[in-house]
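Note: the block below is run-v9.cif and it holds mmCIF, C-alpha atoms.
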```cif
data_data
loop_
_atom_site.label_atom_id
_atom_site.label_comp_id
_atom_site.auth_asym_id
_atom_site.auth_seq_id
_atom_site.Cartn_x
_atom_site.Cartn_y
_atom_site.Cartn_z
CA MET F 1 0.00 0.00 0.00
CA LEU F 2 1.41 3.37 -0.99
CA HIS F 3 -0.30 5.48 1.56
CA ASP F 4 -2.31 4.98 4.72
CA ARG F 5 -5.98 5.47 4.24
CA PRO F 6 -7.77 7.22 7.05
CA PRO F 7 -9.54 4.73 9.29
CA ALA F 8 -13.15 4.05 8.29
CA LEU F 9 -15.80 5.99 10.17
CA ASP F 10 -19.49 5.35 10.64
CA HIS F 11 -22.06 7.55 12.30
CA TRP F 12 -25.47 7.12 13.84
CA LEU F 13 -28.04 9.69 14.90
CA TYR F 14 -31.08 8.46 16.81
CA ALA F 15 -33.93 9.65 18.97
CA SER F 16 -35.75 7.73 21.69
CA ARG F 17 -38.22 8.17 24.53
CA SER F 18 -37.01 8.11 28.11
CA THR F 19 -38.44 5.47 30.44
CA ILE F 20 -36.68 6.90 33.48
CA GLU F 21 -38.87 7.99 36.37
CA PRO F 22 -38.98 11.82 35.92
CA ALA F 23 -38.01 12.47 39.54
CA TRP F 24 -34.73 10.61 38.99
CA ALA F 25 -34.13 11.65 35.41
CA ALA F 26 -31.62 14.46 35.94
CA ARG F 27 -29.41 12.40 38.26
CA SER F 28 -29.73 9.27 36.15
CA VAL F 29 -28.68 11.11 33.02
CA ASP F 30 -25.73 12.73 34.82
CA LEU F 31 -24.59 9.29 35.92
CA LEU F 32 -25.16 7.84 32.47
CA ALA F 33 -23.09 10.66 30.98
CA ILE F 34 -20.15 9.97 33.29
CA GLN F 35 -20.19 6.27 32.40
CA SER F 36 -20.69 6.92 28.69
CA ALA F 37 -17.91 9.49 28.47
CA SER F 38 -15.24 7.04 29.64
CA ARG F 39 -16.68 4.05 27.77
CA ASN F 40 -16.96 5.96 24.49
CA ALA F 41 -13.48 7.38 24.86
CA GLY F 42 -12.15 3.84 25.26
CA LEU F 43 -13.96 2.71 22.11
CA GLY F 44 -12.89 5.69 20.04
CA LEU F 45 -16.46 6.92 19.77
CA THR F 46 -17.23 10.63 19.70
CA GLY F 47 -20.55 12.45 19.67
CA ALA F 48 -23.08 14.09 21.94
CA LEU F 49 -26.22 13.26 23.90
CA LEU F 50 -29.18 15.54 24.47
CA PHE F 51 -31.96 14.93 26.99
CA THR F 52 -35.15 17.02 27.10
CA GLY F 53 -36.73 15.31 30.05
CA GLN F 54 -38.81 13.12 27.75
CA CYS F 55 -36.59 12.37 24.77
CA PHE F 56 -33.02 11.42 24.07
CA VAL F 57 -31.19 12.44 20.91
CA GLN F 58 -27.69 11.12 20.43
CA ALA F 59 -25.07 11.36 17.69
CA LEU F 60 -22.30 8.80 17.72
CA GLU F 61 -19.39 8.37 15.31
CA GLY F 62 -16.33 6.17 15.20
CA PRO F 63 -14.89 2.87 13.96
CA PRO F 64 -17.69 0.74 12.41
CA ALA F 65 -17.16 -2.27 14.69
CA ALA F 66 -17.18 -0.19 17.87
CA LEU F 67 -20.21 1.77 16.74
CA HIS F 68 -22.05 -1.41 15.83
CA ALA F 69 -21.41 -2.90 19.26
CA MET F 70 -22.55 0.30 20.94
CA ARG F 71 -25.71 0.40 18.82
CA THR F 72 -26.59 -3.08 19.98
CA ASP F 73 -26.08 -2.10 23.61
CA ILE F 74 -28.05 1.11 23.24
CA SER F 75 -30.94 -0.66 21.54
CA ARG F 76 -31.17 -3.04 24.51
CA ASP F 77 -30.89 -0.30 27.13
CA ARG F 78 -34.03 -0.23 29.27
CA ARG F 79 -33.72 3.40 30.23
CA HIS F 80 -35.34 4.29 26.92
CA THR F 81 -37.67 2.89 24.29
CA GLY F 82 -38.82 3.59 20.74
CA VAL F 83 -35.35 4.09 19.28
CA VAL F 84 -35.66 5.73 15.86
CA THR F 85 -32.68 6.07 13.54
CA LEU F 86 -32.58 9.57 12.03
CA ALA F 87 -29.31 9.28 10.13
CA GLU F 88 -26.58 6.68 9.67
CA GLY F 89 -23.81 5.63 7.34
CA PRO F 90 -20.16 6.24 6.52
CA LEU F 91 -18.57 9.54 7.44
CA ALA F 92 -15.54 11.30 5.92
CA HIS F 93 -14.58 13.33 8.99
CA ARG F 94 -15.52 13.31 12.62
CA ARG F 95 -17.81 16.17 13.58
CA PHE F 96 -17.22 15.94 17.32
CA GLY F 97 -13.88 16.20 19.12
CA ASP F 98 -15.03 14.01 21.99
CA TRP F 99 -18.18 12.64 23.56
CA SER F 100 -20.21 14.89 25.83
CA LEU F 101 -23.59 15.48 27.38
CA ALA F 102 -24.79 18.36 25.20
CA TYR F 103 -27.83 19.22 27.27
CA SER F 104 -29.90 17.74 30.05
CA GLY F 105 -32.70 19.93 31.29
CA ASN F 106 -36.30 20.91 31.18
CA SER F 107 -36.40 23.81 28.75
CA ILE F 108 -39.90 23.71 27.26
CA TYR F 109 -38.78 25.69 24.23
CA LEU F 110 -35.92 23.33 23.45
CA ALA F 111 -38.07 20.26 24.00
CA GLU F 112 -40.61 21.57 21.51
CA GLN F 113 -37.96 22.29 18.90
CA VAL F 114 -36.47 18.84 19.36
CA HIS F 115 -39.77 16.99 19.32
CA ARG F 116 -40.82 18.84 16.19
CA ALA F 117 -37.54 18.00 14.45
CA ILE F 118 -37.83 14.34 15.43
CA ALA F 119 -41.31 14.20 13.94
CA ARG F 120 -40.14 15.68 10.64
CA ASP F 121 -38.64 13.46 7.96
CA ASP F 122 -35.92 16.03 7.31
CA GLY F 123 -35.24 16.97 10.91
CA ALA F 124 -31.86 15.21 11.18
CA PRO F 125 -29.65 18.15 10.05
CA ALA F 126 -31.32 20.54 12.50
CA LEU F 127 -30.83 18.07 15.37
CA MET F 128 -27.22 17.48 14.36
CA GLY F 129 -26.71 21.25 14.27
CA LEU F 130 -28.18 21.53 17.74
CA LEU F 131 -25.93 18.83 19.15
CA GLN F 132 -22.89 20.42 17.56
CA ALA F 133 -23.79 23.89 18.81
CA PHE F 134 -23.96 22.52 22.36
CA ALA F 135 -20.85 20.39 22.05
CA ILE F 136 -18.50 22.91 20.45
CA PRO F 137 -16.94 24.97 23.23
CA ASP F 138 -17.77 28.63 22.73
CA GLY F 139 -14.20 29.83 23.09
CA GLY F 140 -14.98 33.38 22.08
CA ALA F 141 -13.96 34.05 18.50
CA ARG F 142 -13.70 30.41 17.46
CA ARG F 143 -15.82 30.11 14.35
CA THR F 144 -16.92 26.91 12.74
CA GLU F 145 -19.31 26.58 9.88
CA MET F 146 -22.75 27.38 11.14
CA PRO F 147 -25.23 24.58 10.67
CA GLN F 148 -28.02 26.05 8.60
CA ASP F 149 -31.43 25.17 9.85
CA THR F 150 -34.22 25.19 7.28
CA MET O 1 -51.75 47.95 51.47
CA GLY O 2 -51.52 44.80 49.45
CA LYS O 3 -52.44 41.42 50.79
CA ILE O 4 -49.87 39.05 52.10
CA THR O 5 -48.90 36.57 49.43
CA VAL O 6 -47.92 33.17 50.70
CA THR O 7 -45.92 32.29 47.60
CA PRO O 8 -44.79 35.49 45.95
CA ARG O 9 -44.75 35.11 42.21
CA THR O 10 -42.66 37.86 40.78
CA VAL O 11 -41.56 38.32 37.20
CA HIS O 12 -38.78 40.76 36.36
CA ILE O 13 -38.69 41.95 32.77
CA VAL O 14 -35.67 43.43 31.00
CA ASP O 15 -36.33 44.80 27.53
CA SER O 16 -35.00 47.94 25.87
CA ASP O 17 -38.02 48.06 23.57
CA ALA O 18 -40.58 50.15 25.46
CA ALA O 19 -43.63 48.92 23.56
CA CYS O 20 -42.71 45.26 23.91
CA ARG O 21 -41.87 45.75 27.55
CA ARG O 22 -45.28 47.31 28.23
CA ASP O 23 -47.15 44.58 26.37
CA LEU O 24 -45.25 41.82 28.12
CA ALA O 25 -45.76 43.43 31.53
CA GLN O 26 -49.47 43.55 30.82
CA LEU O 27 -49.47 39.92 29.75
CA VAL O 28 -47.67 38.92 32.95
CA ARG O 29 -50.08 40.90 35.14
CA GLN O 30 -53.04 39.32 33.36
CA GLN O 31 -51.69 36.00 34.62
CA GLY O 32 -52.08 37.30 38.16
CA LEU O 33 -48.34 37.68 38.69
CA ASP O 34 -46.32 40.59 40.07
CA CYS O 35 -44.26 42.33 37.44
CA HIS O 36 -41.20 44.60 37.60
CA PRO O 37 -40.15 45.96 34.21
CA PHE O 38 -36.62 47.26 33.57
CA ALA O 39 -35.49 49.20 30.51
CA GLY O 40 -31.99 47.78 30.52
CA LEU O 41 -29.46 45.47 32.10
CA GLY O 42 -27.97 48.39 34.03
CA ASP O 43 -31.29 49.20 35.69
CA LEU O 44 -31.73 45.57 36.64
CA ALA O 45 -28.17 45.32 37.94
CA GLU O 46 -28.72 48.25 40.31
CA ALA O 47 -31.76 46.58 41.85
CA LEU O 48 -30.57 42.98 41.60
CA GLY O 49 -29.26 42.75 45.14
CA TYR O 50 -32.64 43.24 46.76
CA LEU O 51 -35.11 42.01 44.16
CA GLN O 52 -37.51 39.28 45.12
CA ALA O 53 -36.53 35.86 43.85
CA GLY O 54 -38.54 35.04 40.74
CA CYS O 55 -38.44 34.63 37.01
CA VAL O 56 -36.37 37.06 34.94
CA LEU O 57 -37.55 37.54 31.38
CA MET O 58 -34.63 39.03 29.42
CA ALA O 59 -35.02 40.22 25.87
CA TRP O 60 -31.95 39.69 23.70
CA ARG O 61 -31.84 42.36 21.03
CA GLY O 62 -28.67 42.40 18.95
CA GLN O 63 -27.36 45.86 18.29
CA HIS O 64 -28.10 45.48 14.60
CA ALA O 65 -31.45 44.67 13.11
CA ALA O 66 -31.87 41.00 12.37
CA ASN O 67 -30.74 39.90 8.92
CA GLU O 68 -29.18 43.27 8.18
CA ASP O 69 -25.86 41.66 7.41
CA PRO O 70 -25.67 37.89 7.66
CA ASN O 71 -21.86 38.05 7.65
CA ALA O 72 -21.57 40.47 10.54
CA PRO O 73 -19.81 38.95 13.52
CA SER O 74 -22.37 37.45 15.82
CA GLU O 75 -22.85 39.04 19.21
CA ASP O 76 -24.32 35.91 20.67
CA ALA O 77 -21.48 35.61 23.12
CA GLY O 78 -22.96 38.71 24.76
CA LEU O 79 -26.15 36.76 25.23
CA GLY O 80 -24.44 34.27 27.51
CA ALA O 81 -22.77 37.11 29.40
CA MET O 82 -26.16 38.77 29.88
CA VAL O 83 -27.54 35.60 31.50
CA GLN O 84 -24.47 35.13 33.65
CA SER O 85 -24.50 38.73 34.85
CA VAL O 86 -27.77 37.95 36.61
CA LEU O 87 -26.87 34.47 37.86
CA ALA O 88 -23.52 35.63 39.24
CA ILE O 89 -25.35 37.89 41.71
CA ARG O 90 -28.58 35.92 42.10
CA PRO O 91 -27.96 32.26 41.21
CA GLU O 92 -31.45 31.25 42.31
CA MET O 93 -33.27 33.40 39.74
CA ALA O 94 -35.02 31.52 36.93
CA VAL O 95 -33.68 33.34 33.88
CA ILE O 96 -35.66 33.06 30.65
CA VAL O 97 -34.21 34.60 27.49
CA MET O 98 -36.43 36.03 24.79
CA ALA O 99 -35.44 36.77 21.20
CA ALA O 100 -37.16 37.49 17.92
CA ARG O 101 -36.52 34.76 15.34
CA PRO O 102 -33.91 33.04 17.51
CA THR O 103 -31.14 30.99 15.93
CA ILE O 104 -30.04 27.61 17.23
CA ARG O 105 -26.88 29.26 18.46
CA GLN O 106 -28.73 31.85 20.49
CA VAL O 107 -30.86 29.21 22.20
CA VAL O 108 -27.77 27.14 22.94
CA GLN O 109 -25.88 30.16 24.29
CA ALA O 110 -28.73 31.01 26.64
CA LEU O 111 -29.18 27.47 27.99
CA ARG O 112 -25.45 26.88 28.34
CA ALA O 113 -25.13 30.09 30.34
CA GLY O 114 -27.71 28.78 32.79
CA ALA O 115 -31.03 30.11 31.49
CA VAL O 116 -33.85 27.72 32.35
CA ASP O 117 -35.77 28.41 29.17
CA PHE O 118 -36.25 30.46 26.04
CA LEU O 119 -39.17 32.32 24.47
CA GLU O 120 -39.77 33.68 21.03
CA ILE O 121 -40.65 37.38 20.64
CA PRO O 122 -43.47 38.33 20.30
CA VAL O 123 -44.29 36.41 23.44
CA VAL O 124 -47.81 34.97 23.55
CA ALA O 125 -49.71 33.86 26.63
CA ASP O 126 -49.91 30.24 25.51
CA SER O 127 -46.15 29.83 25.47
CA LEU O 128 -45.43 32.22 28.37
CA ARG O 129 -47.55 30.48 30.97
CA PRO O 130 -45.98 27.00 30.95
CA VAL O 131 -42.48 28.50 30.91
CA LEU O 132 -43.21 30.73 33.91
CA ASP O 133 -44.94 27.86 35.71
CA HIS O 134 -41.83 25.77 35.25
CA GLY O 135 -39.65 28.62 36.46
CA PHE O 136 -41.73 29.06 39.61
CA ALA O 137 -41.81 25.30 40.16
CA ILE O 138 -38.03 25.07 40.39
CA LEU O 139 -37.59 28.34 42.29
CA PRO O 140 -38.17 27.11 45.88
CA ALA O 141 -35.45 24.47 45.60
CA ARG O 142 -33.04 27.02 44.10
CA VAL O 143 -33.78 29.56 46.83
CA ALA O 144 -33.35 26.92 49.53
CA LYS O 145 -30.03 25.84 48.06
CA GLN O 146 -28.74 29.42 48.05
CA GLN O 147 -29.84 29.90 51.65
CA ARG O 148 -28.10 26.72 52.79
CA LEU O 149 -25.02 27.77 50.90
CA GLY O 150 -25.08 31.23 52.48
CA GLN O 151 -25.46 29.83 55.99
CA ALA O 152 -22.80 27.21 55.41
CA THR O 153 -20.34 29.75 54.06
CA ALA O 154 -20.96 31.99 57.06
CA LEU O 155 -20.22 29.10 59.40
CA THR O 156 -17.04 28.18 57.55
CA THR O 157 -15.59 31.63 58.11
CA GLN O 158 -15.65 30.91 61.85
CA LEU O 159 -13.04 28.19 61.40
CA THR O 160 -9.39 29.02 61.92
CA PRO O 161 -7.03 28.31 59.00
CA ARG O 162 -5.72 25.27 60.86
CA GLU O 163 -9.23 23.96 61.44
CA GLN O 164 -9.97 24.40 57.75
CA GLU O 165 -6.90 22.33 56.89
CA VAL O 166 -8.02 19.59 59.24
CA LEU O 167 -11.53 19.73 57.79
CA ARG O 168 -10.19 19.19 54.26
CA GLY O 169 -8.30 16.16 55.50
CA VAL O 170 -11.37 14.73 57.22
CA VAL O 171 -13.51 15.27 54.15
CA ALA O 172 -10.86 13.66 51.95
CA GLY O 173 -11.21 10.54 54.08
CA LEU O 174 -7.86 10.74 55.85
CA THR O 175 -7.43 9.20 59.29
CA ASN O 176 -6.53 11.44 62.21
CA ARG O 177 -3.05 9.96 62.10
CA ALA O 178 -2.64 10.77 58.41
CA ILE O 179 -3.87 14.31 58.95
CA ALA O 180 -1.46 14.72 61.86
CA GLU O 181 1.45 13.57 59.71
CA ARG O 182 0.55 15.87 56.84
CA LEU O 183 0.16 18.88 59.08
CA ARG O 184 3.08 17.85 61.31
CA ILE O 185 1.00 18.10 64.47
CA GLY O 186 0.04 15.57 67.11
CA VAL O 187 -2.86 13.17 66.72
CA ARG O 188 -4.35 14.54 69.93
CA THR O 189 -4.25 18.03 68.44
CA VAL O 190 -6.10 16.79 65.34
CA GLU O 191 -8.74 15.25 67.58
CA MET O 192 -9.11 18.54 69.39
CA HIS O 193 -9.49 20.45 66.11
CA ARG O 194 -12.08 17.95 64.91
CA GLY O 195 -14.10 18.45 68.06
CA ASN O 196 -13.99 22.22 67.65
CA ILE O 197 -14.95 21.95 63.96
CA MET O 198 -18.01 19.85 64.75
CA GLN O 199 -19.04 22.31 67.43
CA LYS O 200 -18.49 25.46 65.37
CA LEU O 201 -20.27 24.06 62.33
CA GLN O 202 -23.06 22.66 64.50
CA MET O 203 -22.62 19.19 63.02
CA GLU O 204 -23.93 16.12 64.79
CA ASN O 205 -21.92 13.50 62.97
CA LEU O 206 -19.42 12.84 60.23
CA ALA O 207 -22.09 12.23 57.57
CA ALA O 208 -23.55 15.69 58.19
CA LEU O 209 -20.07 17.18 58.03
CA ILE O 210 -19.33 15.55 54.66
CA ARG O 211 -22.64 16.76 53.25
CA PHE O 212 -21.86 20.25 54.49
CA ALA O 213 -18.40 20.12 52.94
CA ILE O 214 -19.77 19.06 49.56
CA LEU O 215 -22.35 21.83 49.70
CA THR O 216 -19.89 24.57 50.52
CA GLY O 217 -17.36 23.37 47.98
CA ILE O 218 -14.64 22.63 50.53
CA LEU O 219 -13.98 19.48 48.55
CA ASP O 220 -13.21 21.56 45.48
CA HIS O 221 -10.12 22.98 47.12
CA GLY O 222 -8.74 19.49 47.38
CA LEU O 223 -5.94 18.50 49.68
CA ASP O 224 -3.34 20.89 48.34
CA ALA O 225 -3.32 23.05 51.40
CA ALA O 226 -3.18 20.14 53.80
#
```

Give the structure from the file, written as structure tokens.
Amino acid sequence: MLHDRPPALDHWLYASRSTIEPAWAARSVDLLAIQSASRNAGLGLTGALLFTGQCFVQALEGPPAALHAMRTDISRDRRHTGVVTLAEGPLAHRRFGDWSLAYSGNSIYLAEQVHRAIARDDGAPALMGLLQAFAIPDGGARRTEMPQDT
Amino acid sequence: MGKITVTPRTVHIVDSDAACRRDLAQLVRQQGLDCHPFAGLGDLAEALGYLQAGCVLMAWRGQHAANEDPNAPSEDAGLGAMVQSVLAIRPEMAVIVMAARPTIRQVVQALRAGAVDFLEIPVVADSLRPVLDHGFAILPARVAKQQRLGQATALTTQLTPREQEVLRGVVAGLTNRAIAERLRIGVRTVEMHRGNIMQKLQMENLAALIRFAILTGILDHGLDAA
């Protein structure tokens, strides 16, 4: 082989409904985030998780085998149900530098935006933009391409 | 004079647009809530120290009209600073940011800075009410937390520097012997300090002390000083 090809990357964007008792949700998701951050780092998976109190939206990207294994685990996880794939497939470049909890809270406005985007057939780019906006540290003048919604 | 309200429900409004401010204040009062309108962040800042805990509706109006120049540098960083300027002084306030035709980035900036929610201008009653209800629902816990924190911090200042060092050791799970070695004092002296700490902080047992230490952030300082 003349040159090294960049390692193959897959991505997965999904939404699901939380089955966690609302009173415990915030703490449960904090705990889940701590566990996921170290597990994903070990697997070479990057991405972001968003929790509106009712719904999860998560983007994951990384080596196909690792992502596949994680997808299987996530699909079996009993803390949520109704997992819907919004986007998937090979990826040229990672879009997240690490894995993080993008948002966990009870903003009614955000929940509405998210639920509306999940319901739309073409809502995936808007949700991806939202996850990226939360995940990219706002270090002042740092400018990345703005995800265009609509 | 006014009647005594058992659960005061106060909404502070900050909006530089006089007409919008008036309309929103009217909308808030129609909901049976107290309303204090402010024309700017400066006016709010002057009063912030003694305002009643409540919801703060803050209008974000960029200095340029929306869509005037899509390539102009965004001032959204100022949006986060606006939210934080309130929470730095009054962390218990339920801050809600309002903007006309908000972008994803603006919503994210507001929530990341600690706003509890977001509203689109013009604000309508149907969307305002649930957001305010949520704000008021979380307010008592936030107020209580601030009060505990204030009391705890006041108690901590009664400790001598040496007692504070011993406290960090205790909270870090060190034995009296280990603390004594680190501080190069006798084990008996550590025991004496521990007794004084428990008395000064009005703690009944170690579990209460640990909880107190977590609350006041003594743990955050780590063991460096010990």

Fill in: Within 6 Å of region 113-128 of chain O using only C-alpha atoms, minus same-chain residues under 4 positions, as a list in words
Ser107 and Tyr109 of chain F; Gly80, Val95, Ile96, Val97, Met98, Ala99 and Ala100 of chain O

Discussion item. Set the cut-off to 7 Å and count all atoms listed in the file: what are the residues of chain F that reach chain O? Output as a list in words.
Written reply: Ser107, Ile108, Tyr109, Leu130, Ala133, Phe134 and Gly140 of chain F

Practice prompt. Taking the file as shown, find all residues satisfying the PyMOL selection byres ((chain O and resi 10) around 8) and write them as a list in words.
Written response: Pro8, Arg9, Val11, His12, Leu33, Asp34, Cys35, His36, Gln52, Ala53, Gly54 and Cys55 of chain O

Go ahead and dump the residues you just picked, C-alpha atoms, as a compact mmCIF listing (two decimals), keeping the file's coordinate frame.
```
# COMPACT_ATOMS: atom_id res chain seq x y z
CA PRO O 8 -44.79 35.49 45.95
CA ARG O 9 -44.75 35.11 42.21
CA VAL O 11 -41.56 38.32 37.20
CA HIS O 12 -38.78 40.76 36.36
CA LEU O 33 -48.34 37.68 38.69
CA ASP O 34 -46.32 40.59 40.07
CA CYS O 35 -44.26 42.33 37.44
CA HIS O 36 -41.20 44.60 37.60
CA GLN O 52 -37.51 39.28 45.12
CA ALA O 53 -36.53 35.86 43.85
CA GLY O 54 -38.54 35.04 40.74
CA CYS O 55 -38.44 34.63 37.01
```

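Going from CA of Gly195 (chain O) over to CA of Ala178 (chain O), you cover 16.8 Å.
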
Worksheet, complete the sentence: For Phe56 (chain F), the closest of F:Gln132, F:Ser38, F:Thr72, F:Ser104 counting all atoms listed in the file is F:Ser104
